[in-house]
Amino acid sequence: MYFGACYYPEHWPEERWETDARLMKEAHFNVVRMAEFAWSRLESSDGEFDFSWLDRIMSIMEHYGIKTILGTPTAGPPKWLMDKHPGIYQQDMYERMRGFGARRHYCFNNLDFRMYTERIVTQMASHYGTNTNVIGWQIDNEFGMIDTARCYCSSCRQSFIGWLQRKYGSIEAVNEAWGTVFSSQTYRTWDELHLPAYAVHQHHNPGLALDYRRFSSDSVNEYQRLQVNILRHYTTGQSITHNAMGKYNQVDFYDMSKELDLISLDVYPNMKSEPKERPAYAAEQHDMTRGFKGGRNYWVLEHQSGAPGAVEMAPTPIPGELRRWTFQSVARGADAIVYFRWRTLPYAIEELWHGILQHHGEPGRKFEEVKQVGVELKKLAPLLTGTSPCAKVALIRCYNNEWAFELQPHMKGYEYIKHFEMYYAYFYDRGIPVDIVSPEADFTGYELVVAPNLMMAKEESVQALYRFVEDGGYFITDIRTGAKEWNNQITQKRLPGQFRDLLGIGIEDYGIIEGEQRIGIHNLNNGKISSATMWYEVIDLLAVESAAEPMAVYTSNYFRETPAVTRRAYGKGCGVYIGTILDKEGLNSIMDQIVSEAGITPILDGLPDGVEAMVRVGTDDSGRKLLFIINHTEDVVTVNLDTTYTDAMSDRSVSGAIVLASQDVRILCVQR
Amino acid sequence: MYFGACYYPEHWPEERWETDARLMKEAHFNVVRMAEFAWSRLESSDGEFDFSWLDRIMSIMEHYGIKTILGTPTAGPPKWLMDKHPGIYQQDMYERMRGFGARRHYCFNNLDFRMYTERIVTQMASHYGTNTNVIGWQIDNEFGMIDTARCYCSSCRQSFIGWLQRKYGSIEAVNEAWGTVFSSQTYRTWDELHLPAYAVHQHHNPGLALDYRRFSSDSVNEYQRLQVNILRHYTTGQSITHNAMGKYNQVDFYDMSKELDLISLDVYPNMKSEPKERPAYAAEQHDMTRGFKGGRNYWVLEHQSGAPGAVEMAPTPIPGELRRWTFQSVARGADAIVYFRWRTLPYAIEELWHGILQHHGEPGRKFEEVKQVGVELKKLAPLLTGTSPCAKVALIRCYNNEWAFELQPHMKGYEYIKHFEMYYAYFYDRGIPVDIVSPEADFTGYELVVAPNLMMAKEESVQALYRFVEDGGYFITDIRTGAKEWNNQITQKRLPGQFRDLLGIGIEDYGIIEGEQRIGIHNLNNGKISSATMWYEVIDLLAVESAAEPMAVYTSNYFRETPAVTRRAYGKGCGVYIGTILDKEGLNSIMDQIVSEAGITPILDGLPDGVEAMVRVGTDDSGRKLLFIINHTEDVVTVNLDTTYTDAMSDRSVSGAIVLASQDVRILCVQR
Amino acid sequence: MYFGACYYPEHWPEERWETDARLMKEAHFNVVRMAEFAWSRLESSDGEFDFSWLDRIMSIMEHYGIKTILGTPTAGPPKWLMDKHPGIYQQDMYERMRGFGARRHYCFNNLDFRMYTERIVTQMASHYGTNTNVIGWQIDNEFGMIDTARCYCSSCRQSFIGWLQRKYGSIEAVNEAWGTVFSSQTYRTWDELHLPAYAVHQHHNPGLALDYRRFSSDSVNEYQRLQVNILRHYTTGQSITHNAMGKYNQVDFYDMSKELDLISLDVYPNMKSEPKERPAYAAEQHDMTRGFKGGRNYWVLEHQSGAPGAVEMAPTPIPGELRRWTFQSVARGADAIVYFRWRTLPYAIEELWHGILQHHGEPGRKFEEVKQVGVELKKLAPLLTGTSPCAKVALIRCYNNEWAFELQPHMKGYEYIKHFEMYYAYFYDRGIPVDIVSPEADFTGYELVVAPNLMMAKEESVQALYRFVEDGGYFITDIRTGAKEWNNQITQKRLPGQFRDLLGIGIEDYGIIEGEQRIGIHNLNNGKISSATMWYEVIDLLAVESAAEPMAVYTSNYFRETPAVTRRAYGKGCGVYIGTILDKEGLNSIMDQIVSEAGITPILDGLPDGVEAMVRVGTDDSGRKLLFIINHTEDVVTVNLDTTYTDAMSDRSVSGAIVLASQDVRILCVQR
């Protein structure tokens, strides 16, 4: 277990460094992240490298038993470099240069920038690649932040053409895939291709627009690969990672994580504006991050430790809150907690982004709380070793579909990710662990796979889902699933396309539910009436063997009494289709029914609202299970345990009803 | 009567064509619209023309008895052309090129584009000009769509200067007309003139800004004339038209229609967001379109046949709805119904814009409904021949005033067209047919002319209105009428300017009614109190012979008890002035009084809400009258007939109370 | 006392001039403002000057006893000049040229423009500098209007670098001051510096961003100085002024006023959208304007005389309203009333900006009202001589802090000026006169200084405030005061930084109050509970001699029962700190307590809502006091006088209860 903070020695007088290291040791830190924005200190002019200051702080840290995770500093190219090669700046869709003053102001496809990247990373890697104080490398910083994965410069246009050539082979294939015959948009030569930039309106051909999003994501990955290859060459025994922001969606983080040893997360729960939604908001990011790398544990490289905010602040964590979020992170699979940041900076755009220490640098209430966590984590570390979260439910989030719905929301105000989160919220509220996975994930071991809006899917994914159901799995999907080909064309098959057989239904007719309108939904199982919004599909039950049967029907409109939700027994499993957007009550009753049939249960029954339970399970034979109970509320709560545990802090045996104060956390252990 | 669909053979495999033609015949189609976006198929490279595929599909269509309306493909210039002459792209007010990816990406004043236009149109016209399968030509597509009639490129600047030279003769006259002495904006030479582009703020001189709007509209018309002239030269017996969108307002469609044989409309009722407002929304477009060409019947070249929408869909038509809209179109003067589109396209930006067939291409419920309409129209066609809508009320809509109010709304949130629609709604709700006409229309034959916001009017129009009233007509006008000169200067005459004598009033004082404030209006005829918003004018009754008299007075503010609405007997007629914006109740009572005096009556008394009645009257001596009754509601309704009719479908005699199901339509006939 | 209007002879035929002058004399005018937008008339081509028309109108005016205030015409550079030197145009942050068509389209740092400015001003000054008809000069017009004080052109970049060189001396000092080590933003050379233009996001380094705002304000002042120097050289006995808009905040008007003989104001009360807020809105601008020049009387060079508005109109003044606003202006220190404008212009963008005469030019109700004011002012003038408003309260408004909060509002929706106005509203509502002053003002003579959000302050200001309190003054300040250094870095001192000792408190913890949340505030004096929003600070009472004591405490959250408002006796005075944003009731009770202790009383007790009282006091030994009572309401009101006065109009003695009609004004006089 790594525990520490982001530290910027270059921001502080050298005489302060030892004080900081001493205080860190006091808080039981064993790691700091450094240097990820220090390019201008590491290479203050073209080719003039200076690692001496970094060597000095690392040896001070070493003295206090603190290791280092080094960042490559490429997220902040210095002014001298930008002045020398202004072509590095990103361009927006209006061909406006996004100039100096923030960060991430570079184009991933610019060759000059790749050369300078190669040099600085090589220099760092060769200098630190065998330094035993360095335990890992973070590549760049938060790819895709502030809308920076998509650029419209001429380098990007050229690279995009190359990407299309590799993908399609011929311009005819491009025309075919995109359907450019529409509106005289046919391209004769590769040279005629263009980016989806400013035009008469911004609704570019959906094939072009989706390919551009894929290309942009691939450009990030290609740029990262450049750095990974250098680091692999020079380093020994050091982990390579990147601090992803799971909900950013300009980069396909499943792809991006493949090259890395492990993936990392930056998490700021208080940036969610609605206080009640913060626990699920943070939990979702943890579950997403775990999913980027096939369910493996991860690092948190920036963990909220004070009020975040650039020009406006998010709420200041109240006493106990840092600890609560920290243990949520650990519970969901974090094997490193690195707070952002050690001390609040008195200048520059993050001067209101608060760290553990306030601006004046003397320990206060946040430091004391962090120190307490340090003690607890030290005690907990041996138990955590070899444990991971474990879920019976896979929830598919697919960047390609997210992008396709961004381009064509179908309904006013519709967002793929909000729709996805409706399902996530169901499981979070029920206390059922889920893995958030790629559509190309291995579904072995799951009892239930939920795939919202799986509008397009690769043939392999479709086959894997058929096999999953044949083998006894439950599969839930919903509106527009199967409606598109992978090239973003609408299928010419009858709907729901590739999933017609698995679900046993046909869809000939569909449309939006306007504005404030609601359509009644009658659940045939419990007889209750709920309502649906935004979208309806008129479902025919196909006359096939073991035909689909309705779980709920519409109560009004010209399709009243026709199925709104169906299920079909398929192989040993079952395929469920939800042909509209159910309200919370309606969705809950359908989900409860399926979840119950699939034999999936919550971690703890009867948890009070706002109390989260999560387990980490030993992957070895020990049968060790760590149960985390977290009280996110302002109240004292009582939780009923299902068995007898050992309290991991006090080593006392506990069972029955236990009481948690507001903000409190309990970690309990049981061995088989 | 023409009946058919927009068909894009270039989108589908050639082996499918005959299937489509056969299905069309089954639906009683006799026309398709083709080729209006097929430039890159007709001229795949510079000067390489290929009409063979179009010849082939036309001969298949001929085989099934289906004629063709050809579109000139100029709305979609191909990429090879744009790459060769990038100066063709429109520029926005920030001098940003509006690049490739949509349509209408060309500047009307670019000479290269005019040359290529001339060539492709000449090629098509010479190839098809005597082909008897071609019954008509649509020029380009929806001029003015997506804000594309106004461009800020250097060609436009030069053309604008030329336009001003022709209009004003001298730079001194420009300075005088615009009042450029204000704020040192005087121009010394023609070269100093500029477009109303990006500046410190976008409130350019109102004279300049209005002239630029007029110039932009004229540029569209000049560009159209180029095509019309070619078509006139090469074609025989083929009608020349354009598919206008009546509510688009960047082009003066009265001007534009002058050159055409007939005008056409594209109509999508479901694109109006408020379901209850859809019938009037569509009806208004029909009435506008009829007015573009002096009240003559017109074609509908794109008629909604499924859910429209690019990235978000509008509602899917429910069963019966296509038929209902179709007969509304016919009732209001459409002599061709061409559905958009035959089959829903599986790719490109209109893949969610639904046609008669779904993506998979097999007939479904919409096809069956269209087929029923086909049968009915076939039966109806002989009766329709020689009939047209006929109105006693002319409602003036003036682009010049609309533009002037766009530039200076006077009041927060004020829109000319919404104000206009307040009056339109009165007549629609009362079931009284109106013609929507130009201020330069011939008012002969009308009983009542309503001219909302006639802020500026040409001297000829003013004189025509005086004559109309002298001869016994009723004239209703309202706020700001007469307040401006045609050059967009405020008049230095006492208000209401040119209309002072006709109305017998003076206006010295006026102002806005702020925000949520309301001013009471006391109707002196019925004693009721209603309220006024947004604007008041303080009206003096002039001491003239047969002086104006108040119809309603204000009940509060410093002008309480002064007239809010006046009427003056003038000649054999009457001039009514409404000096504020009345609420619905207040307006209704004034309008009812005048309408009743003028002897104007609804088509049918006592129609239920949401039921529309409209007549087409024979223009010959037969005295034939076709009565259309359309139930736009979700309910079964009862309608009381005023006399005995023959049901045009069943040939049975009907009278008294008749019952219509939801969505149903009844067409009744009476002969004198 | 000057009384007149803005007059534009160039807008009207010369034969009209004498009529206008005669009507002005009838209204008792003694001054007109002319020529401030007449550049193209004064210099119709490069170097061709013509003052003859201006000479002619001035001699007509002279004949009617009317003097002239001349404007330099530099706010409207003519097209010939812009065409010759397009580099003069301002550029926005996207490097887009803000072209011709409005006004103020020039860059303050462009050298060509400075040369042309120098020439036209020299020409005018040498021509009119000794003309006894000219009593004053207005430089340019409304600096900072329409976001025109900040430009991003290359001249500005060069000037900014020069400004930084003069301010910081070395690039290292710049890096230090801004903290550019953050995110690799270190600059190596002056050439690397840039403006805070379009970048990946617009949150530029706060040091850079604030310096750019200061530089922009200084550029305006430097440009003004160019004109002042010329005028000083050529003129004799003519006052130099500028018509500032007090709430515009791109120029530091304290700095700007230093060079001027007196400052002027343009005031349009009806441009405030909420009618009830108009009196305070206008009053605040008067008080601000007085404060620009250390409390001295000022001129109003544009005074609302009709409905203002460019494309949308603000409300038309009702009968009596012009008079009411005029006397409010006089009451608050205006020594000149110049209405904007004489006659409403029938053309150009201000054709809806109404003046005294309507477009037709004949006298109407506004003229009659102005005439009445003319009579009254003539009578009042001798009494006004030597009098000024006089306040015991100074309310600090600081541009530097306003800019800093614009850059970093800290809390969503927070605005410095709205927060400031919360305090202003307290005093306005209580009828207590305030001076709105610079933080560098002389506080002598005040009983109370209120400094909202004094986040940064120069050392001299801090010391002056300490001295003020030591000497017995009351000082109220609030959240974030002392939190920053003058370079916009957050202090590394413990909070509240420089004010820690004066206030006797420490602040370790703070944060936002989210969205709709409220925190209870218990006023320990009156026991009442009010609520706080947006921001809280957790206050420690320092263990010092005469320690701070709580005036109010929080009632909830983790800091419940800790102080929300404190006071500390310091020297002979008292320092009050408000650590949150109180609601109106909560603020009123704290303010009332302090105001009462400080012995500050309203002008008149028990004034009805919407009735304003203000005094002008003789600065000589006469002890003359003029009491203005203004009824801003729609109702008749009764006001109780505190003593016996002489009515300045009727010369009658009045005391006890007096009655004012709606819109009425009473001016009463008392001599010691």
# chains A, B, ... in the order shown; residues from 1 in each chain; ligands from 1
>>> interface_residues(of="chain A", to="chain B", cutoff="7 Å", atoms="only C-alpha atoms", output="PDB file with N, CA and C atoms, in the first residue's frame")
ATOM      1  N   TRP A 178     -19.005   5.714 -45.007  1.00  0.00           N
ATOM      2  CA  TRP A 178     -19.645   6.926 -44.487  1.00  0.00           C
ATOM      3  C   TRP A 178     -20.946   7.270 -45.218  1.00  0.00           C
ATOM      4  N   GLY A 179     -21.121   6.687 -46.405  1.00  0.00           N
ATOM      5  CA  GLY A 179     -22.309   7.049 -47.177  1.00  0.00           C
ATOM      6  C   GLY A 179     -22.222   8.463 -47.718  1.00  0.00           C
ATOM      7  N   THR A 180     -21.078   8.799 -48.322  1.00  0.00           N
ATOM      8  CA  THR A 180     -20.870  10.179 -48.768  1.00  0.00           C
ATOM      9  C   THR A 180     -21.652  10.525 -50.019  1.00  0.00           C
ATOM     10  N   VAL A 181     -22.287   9.519 -50.617  1.00  0.00           N
ATOM     11  CA  VAL A 181     -23.106   9.825 -51.788  1.00  0.00           C
ATOM     12  C   VAL A 181     -24.218  10.802 -51.398  1.00  0.00           C
ATOM     13  N   PHE A 182     -24.576  10.783 -50.142  1.00  0.00           N
ATOM     14  CA  PHE A 182     -25.575  11.731 -49.652  1.00  0.00           C
ATOM     15  C   PHE A 182     -25.059  13.163 -49.824  1.00  0.00           C
ATOM     16  N   SER A 183     -25.887  13.990 -50.417  1.00  0.00           N
ATOM     17  CA  SER A 183     -25.588  15.419 -50.542  1.00  0.00           C
ATOM     18  C   SER A 183     -24.282  15.721 -51.266  1.00  0.00           C
ATOM     19  N   SER A 184     -23.929  14.890 -52.238  1.00  0.00           N
ATOM     20  CA  SER A 184     -22.753  15.189 -53.068  1.00  0.00           C
ATOM     21  C   SER A 184     -21.469  15.306 -52.285  1.00  0.00           C
ATOM     22  N   GLN A 185     -21.308  14.500 -51.244  1.00  0.00           N
ATOM     23  CA  GLN A 185     -20.114  14.639 -50.417  1.00  0.00           C
ATOM     24  C   GLN A 185     -19.027  13.619 -50.773  1.00  0.00           C
ATOM     25  N   THR A 186     -19.193  12.922 -51.874  1.00  0.00           N
ATOM     26  CA  THR A 186     -18.233  11.907 -52.297  1.00  0.00           C
ATOM     27  C   THR A 186     -16.822  12.486 -52.456  1.00  0.00           C
ATOM     28  N   TYR A 187     -15.846  11.773 -51.935  1.00  0.00           N
ATOM     29  CA  TYR A 187     -14.441  12.173 -52.094  1.00  0.00           C
ATOM     30  C   TYR A 187     -13.819  11.363 -53.213  1.00  0.00           C
ATOM     31  N   GLU A 192      -8.754  14.989 -50.714  1.00  0.00           N
ATOM     32  CA  GLU A 192      -9.996  15.750 -50.524  1.00  0.00           C
ATOM     33  C   GLU A 192     -10.570  15.603 -49.119  1.00  0.00           C
ATOM     34  N   TYR A 198     -15.334  23.593 -38.678  1.00  0.00           N
ATOM     35  CA  TYR A 198     -16.408  24.582 -38.830  1.00  0.00           C
ATOM     36  C   TYR A 198     -16.984  24.535 -40.248  1.00  0.00           C
ATOM     37  N   ALA A 199     -18.295  24.404 -40.333  1.00  0.00           N
ATOM     38  CA  ALA A 199     -18.960  24.348 -41.633  1.00  0.00           C
ATOM     39  C   ALA A 199     -20.288  25.090 -41.510  1.00  0.00           C
ATOM     40  N   VAL A 200     -21.150  24.890 -42.476  1.00  0.00           N
ATOM     41  CA  VAL A 200     -22.436  25.586 -42.436  1.00  0.00           C
ATOM     42  C   VAL A 200     -23.209  25.206 -41.177  1.00  0.00           C
ATOM     43  N   HIS A 201     -23.175  23.940 -40.829  1.00  0.00           N
ATOM     44  CA  HIS A 201     -23.581  23.566 -39.469  1.00  0.00           C
ATOM     45  C   HIS A 201     -22.626  22.479 -39.014  1.00  0.00           C
ATOM     46  N   HIS A 203     -23.160  19.490 -37.950  1.00  0.00           N
ATOM     47  CA  HIS A 203     -23.592  18.104 -38.031  1.00  0.00           C
ATOM     48  C   HIS A 203     -22.896  17.443 -39.213  1.00  0.00           C
ATOM     49  N   HIS A 204     -21.672  17.049 -38.976  1.00  0.00           N
ATOM     50  CA  HIS A 204     -20.933  16.385 -40.035  1.00  0.00           C
ATOM     51  C   HIS A 204     -21.443  14.962 -40.214  1.00  0.00           C
ATOM     52  N   ASN A 205     -21.074  14.378 -41.340  1.00  0.00           N
ATOM     53  CA  ASN A 205     -21.412  12.982 -41.595  1.00  0.00           C
ATOM     54  C   ASN A 205     -21.068  12.139 -40.363  1.00  0.00           C
ATOM     55  N   PRO A 206     -22.027  11.345 -39.863  1.00  0.00           N
ATOM     56  CA  PRO A 206     -21.779  10.594 -38.621  1.00  0.00           C
ATOM     57  C   PRO A 206     -20.625   9.603 -38.726  1.00  0.00           C
ATOM     58  N   LEU A 407     -22.902  12.563 -30.922  1.00  0.00           N
ATOM     59  CA  LEU A 407     -23.090  13.105 -32.265  1.00  0.00           C
ATOM     60  C   LEU A 407     -24.571  13.168 -32.623  1.00  0.00           C
ATOM     61  N   GLN A 408     -25.321  12.192 -32.186  1.00  0.00           N
ATOM     62  CA  GLN A 408     -26.750  12.129 -32.499  1.00  0.00           C
ATOM     63  C   GLN A 408     -27.506  11.667 -31.262  1.00  0.00           C
ATOM     64  N   PRO A 409     -27.876  12.584 -30.398  1.00  0.00           N
ATOM     65  CA  PRO A 409     -28.537  12.183 -29.142  1.00  0.00           C
ATOM     66  C   PRO A 409     -29.905  11.532 -29.363  1.00  0.00           C
ATOM     67  N   HIS A 410     -30.438  11.614 -30.566  1.00  0.00           N
ATOM     68  CA  HIS A 410     -31.755  11.067 -30.877  1.00  0.00           C
ATOM     69  C   HIS A 410     -32.893  11.856 -30.239  1.00  0.00           C
ATOM     70  N   MET A 411     -32.743  12.138 -28.930  1.00  0.00           N
ATOM     71  CA  MET A 411     -33.802  12.844 -28.199  1.00  0.00           C
ATOM     72  C   MET A 411     -33.173  14.069 -27.565  1.00  0.00           C
ATOM     73  N   LYS A 412     -33.933  15.113 -27.444  1.00  0.00           N
ATOM     74  CA  LYS A 412     -33.458  16.350 -26.835  1.00  0.00           C
ATOM     75  C   LYS A 412     -32.970  16.086 -25.406  1.00  0.00           C
ATOM     76  N   GLN A 489     -23.362   3.583 -39.421  1.00  0.00           N
ATOM     77  CA  GLN A 489     -24.552   3.539 -40.257  1.00  0.00           C
ATOM     78  C   GLN A 489     -25.656   2.820 -39.501  1.00  0.00           C
ATOM     79  N   ILE A 490     -26.882   3.195 -39.787  1.00  0.00           N
ATOM     80  CA  ILE A 490     -27.994   2.445 -39.224  1.00  0.00           C
ATOM     81  C   ILE A 490     -28.089   1.114 -39.966  1.00  0.00           C
ATOM     82  N   THR A 491     -28.377   0.084 -39.218  1.00  0.00           N
ATOM     83  CA  THR A 491     -28.467  -1.244 -39.832  1.00  0.00           C
ATOM     84  C   THR A 491     -29.637  -1.297 -40.809  1.00  0.00           C
ATOM     85  N   GLN A 492     -29.482  -2.074 -41.865  1.00  0.00           N
ATOM     86  CA  GLN A 492     -30.599  -2.313 -42.763  1.00  0.00           C
ATOM     87  C   GLN A 492     -31.298  -3.628 -42.416  1.00  0.00           C
ATOM     88  N   LYS A 493     -30.777  -4.292 -41.390  1.00  0.00           N
ATOM     89  CA  LYS A 493     -31.511  -5.428 -40.837  1.00  0.00           C
ATOM     90  C   LYS A 493     -32.745  -4.910 -40.107  1.00  0.00           C
ATOM     91  N   ARG A 494     -33.694  -5.804 -39.897  1.00  0.00           N
ATOM     92  CA  ARG A 494     -34.797  -5.418 -39.020  1.00  0.00           C
ATOM     93  C   ARG A 494     -34.281  -5.334 -37.585  1.00  0.00           C
ATOM     94  N   GLY A 511     -40.091   6.109 -31.527  1.00  0.00           N
ATOM     95  CA  GLY A 511     -40.118   7.568 -31.610  1.00  0.00           C
ATOM     96  C   GLY A 511     -39.854   8.191 -30.259  1.00  0.00           C
ATOM     97  N   ILE A 512     -39.814   9.498 -30.265  1.00  0.00           N
ATOM     98  CA  ILE A 512     -39.559  10.211 -29.012  1.00  0.00           C
ATOM     99  C   ILE A 512     -40.864  10.357 -28.227  1.00  0.00           C
ATOM    100  N   GLU A 514     -42.462  13.221 -26.211  1.00  0.00           N
ATOM    101  CA  GLU A 514     -42.149  14.651 -26.224  1.00  0.00           C
ATOM    102  C   GLU A 514     -42.106  15.278 -24.835  1.00  0.00           C
TER     103      GLU A 514
END
>>> residues_around(residues="Asn297 in chain B", least_positions_apart="3", cutoff="8 Å", atoms="only C-alpha atoms", output="ChimeraX atom specification")
/B:262,290,333-335,388
>>> atom_distance(atom1="CA of Gly579 in chain A", atom2="CA of Glu447 in chain A")
22.2 Å
>>> residues_around(residues="Ile519 in chain B", least_positions_apart="4", cutoff="7 Å", atoms="only C-alpha atoms", output="VMD selection string")
chain B and resid 531 to 533 554 to 556
>>> write_last_selection(atoms="C-alpha atoms", output="mmCIF file, in the first residue's frame")
data_model
loop_
_atom_site.group_PDB
_atom_site.id
_atom_site.type_symbol
_atom_site.label_atom_id
_atom_site.label_comp_id
_atom_site.auth_asym_id
_atom_site.auth_seq_id
_atom_site.Cartn_x
_atom_site.Cartn_y
_atom_site.Cartn_z
ATOM 1 C CA SER B 531 -54.705 43.730 -20.483
ATOM 2 C CA ALA B 532 -51.869 44.950 -22.645
ATOM 3 C CA THR B 533 -48.144 44.249 -22.565
ATOM 4 C CA TYR B 554 -56.258 52.390 -21.072
ATOM 5 C CA THR B 555 -57.346 52.005 -17.452
ATOM 6 C CA SER B 556 -54.166 53.082 -15.709
#
>>> residues_around(residues="Met591 in chain C", least_positions_apart="3", cutoff="10 Å", atoms="only C-alpha atoms", output="ChimeraX atom specification")
/C:423,426-427,476,576,585-588,594-597
>>> write_last_selection(atoms="N, CA and C atoms", output="compact mmCIF listing (two decimals), in the first residue's frame")
# COMPACT_ATOMS: atom_id res chain seq x y z
N TYR C 423 -23.80 46.57 0.84
CA TYR C 423 -23.50 47.59 1.83
C TYR C 423 -24.05 48.94 1.40
N TYR C 426 -27.61 49.20 2.16
CA TYR C 426 -27.90 49.44 3.58
C TYR C 426 -27.96 50.94 3.85
N PHE C 427 -26.92 51.66 3.42
CA PHE C 427 -26.86 53.09 3.71
C PHE C 427 -27.91 53.87 2.95
N ILE C 476 -15.30 48.47 9.31
CA ILE C 476 -15.99 47.19 9.06
C ILE C 476 -15.42 46.57 7.80
N VAL C 576 -14.36 45.68 12.97
CA VAL C 576 -15.42 44.66 12.88
C VAL C 576 -15.15 43.75 11.69
N GLU C 585 -31.43 40.97 6.69
CA GLU C 585 -31.79 41.19 8.09
C GLU C 585 -30.57 41.07 8.99
N GLY C 586 -29.76 40.05 8.73
CA GLY C 586 -28.57 39.84 9.53
C GLY C 586 -27.58 40.98 9.38
N LEU C 587 -27.41 41.44 8.17
CA LEU C 587 -26.47 42.54 7.93
C LEU C 587 -27.00 43.82 8.57
N ASN C 588 -28.29 44.07 8.38
CA ASN C 588 -28.87 45.29 8.95
C ASN C 588 -28.64 45.38 10.45
N ILE C 594 -23.38 49.05 14.84
CA ILE C 594 -22.12 49.79 14.69
C ILE C 594 -22.39 51.26 14.32
N VAL C 595 -23.32 51.47 13.42
CA VAL C 595 -23.65 52.83 12.99
C VAL C 595 -24.13 53.65 14.17
N SER C 596 -24.94 53.02 14.98
CA SER C 596 -25.47 53.71 16.15
C SER C 596 -24.35 54.04 17.12
N GLU C 597 -23.47 53.08 17.38
CA GLU C 597 -22.33 53.35 18.27
C GLU C 597 -21.46 54.47 17.73
>>> residues_around(residues="range 121-124 of chain B", least_positions_apart="4", cutoff="9 Å", atoms="only C-alpha atoms", output="list in words")
Leu42, Phe49, Phe51, Thr72, Pro73, Thr74, Tyr116, Thr117, Tyr128, Gly129, Gln227, Ile230, Leu231 and Tyr234 of chain B
>>> residues_around(residues="Pro433 in chain A", least_positions_apart="5", cutoff="9 Å", atoms="only C-alpha atoms", output="count of residues only")
12
>>> residues_around(residues="range 660-665 of chain C", least_positions_apart="4", cutoff="7 Å", atoms="only C-alpha atoms", output="MDAnalysis selection string")
chainID C and resid 320:321 324 629:638
>>> decode(residues="range 297-313 of chain A", atoms="C-alpha atoms", output="compact mmCIF listing (two decimals), in the first residue's frame")
# COMPACT_ATOMS: atom_id res chain seq x y z
CA ASN A 297 -6.42 -2.75 -8.63
CA TYR A 298 -5.13 0.71 -9.41
CA TRP A 299 -3.48 3.75 -7.93
CA VAL A 300 -5.08 7.02 -6.95
CA LEU A 301 -2.47 9.58 -7.94
CA GLU A 302 -4.52 12.64 -7.05
CA HIS A 303 -6.85 12.28 -4.12
CA GLN A 304 -8.85 15.24 -2.90
CA SER A 305 -7.40 16.64 0.31
CA GLY A 306 -9.00 20.07 0.48
CA ALA A 307 -11.44 22.27 -1.37
CA PRO A 308 -10.70 21.90 -5.09
CA GLY A 309 -11.25 24.73 -7.55
CA ALA A 310 -9.51 27.06 -9.96
CA VAL A 311 -11.58 30.22 -10.01
CA GLU A 312 -14.51 28.93 -8.00
CA MET A 313 -14.07 26.57 -5.10
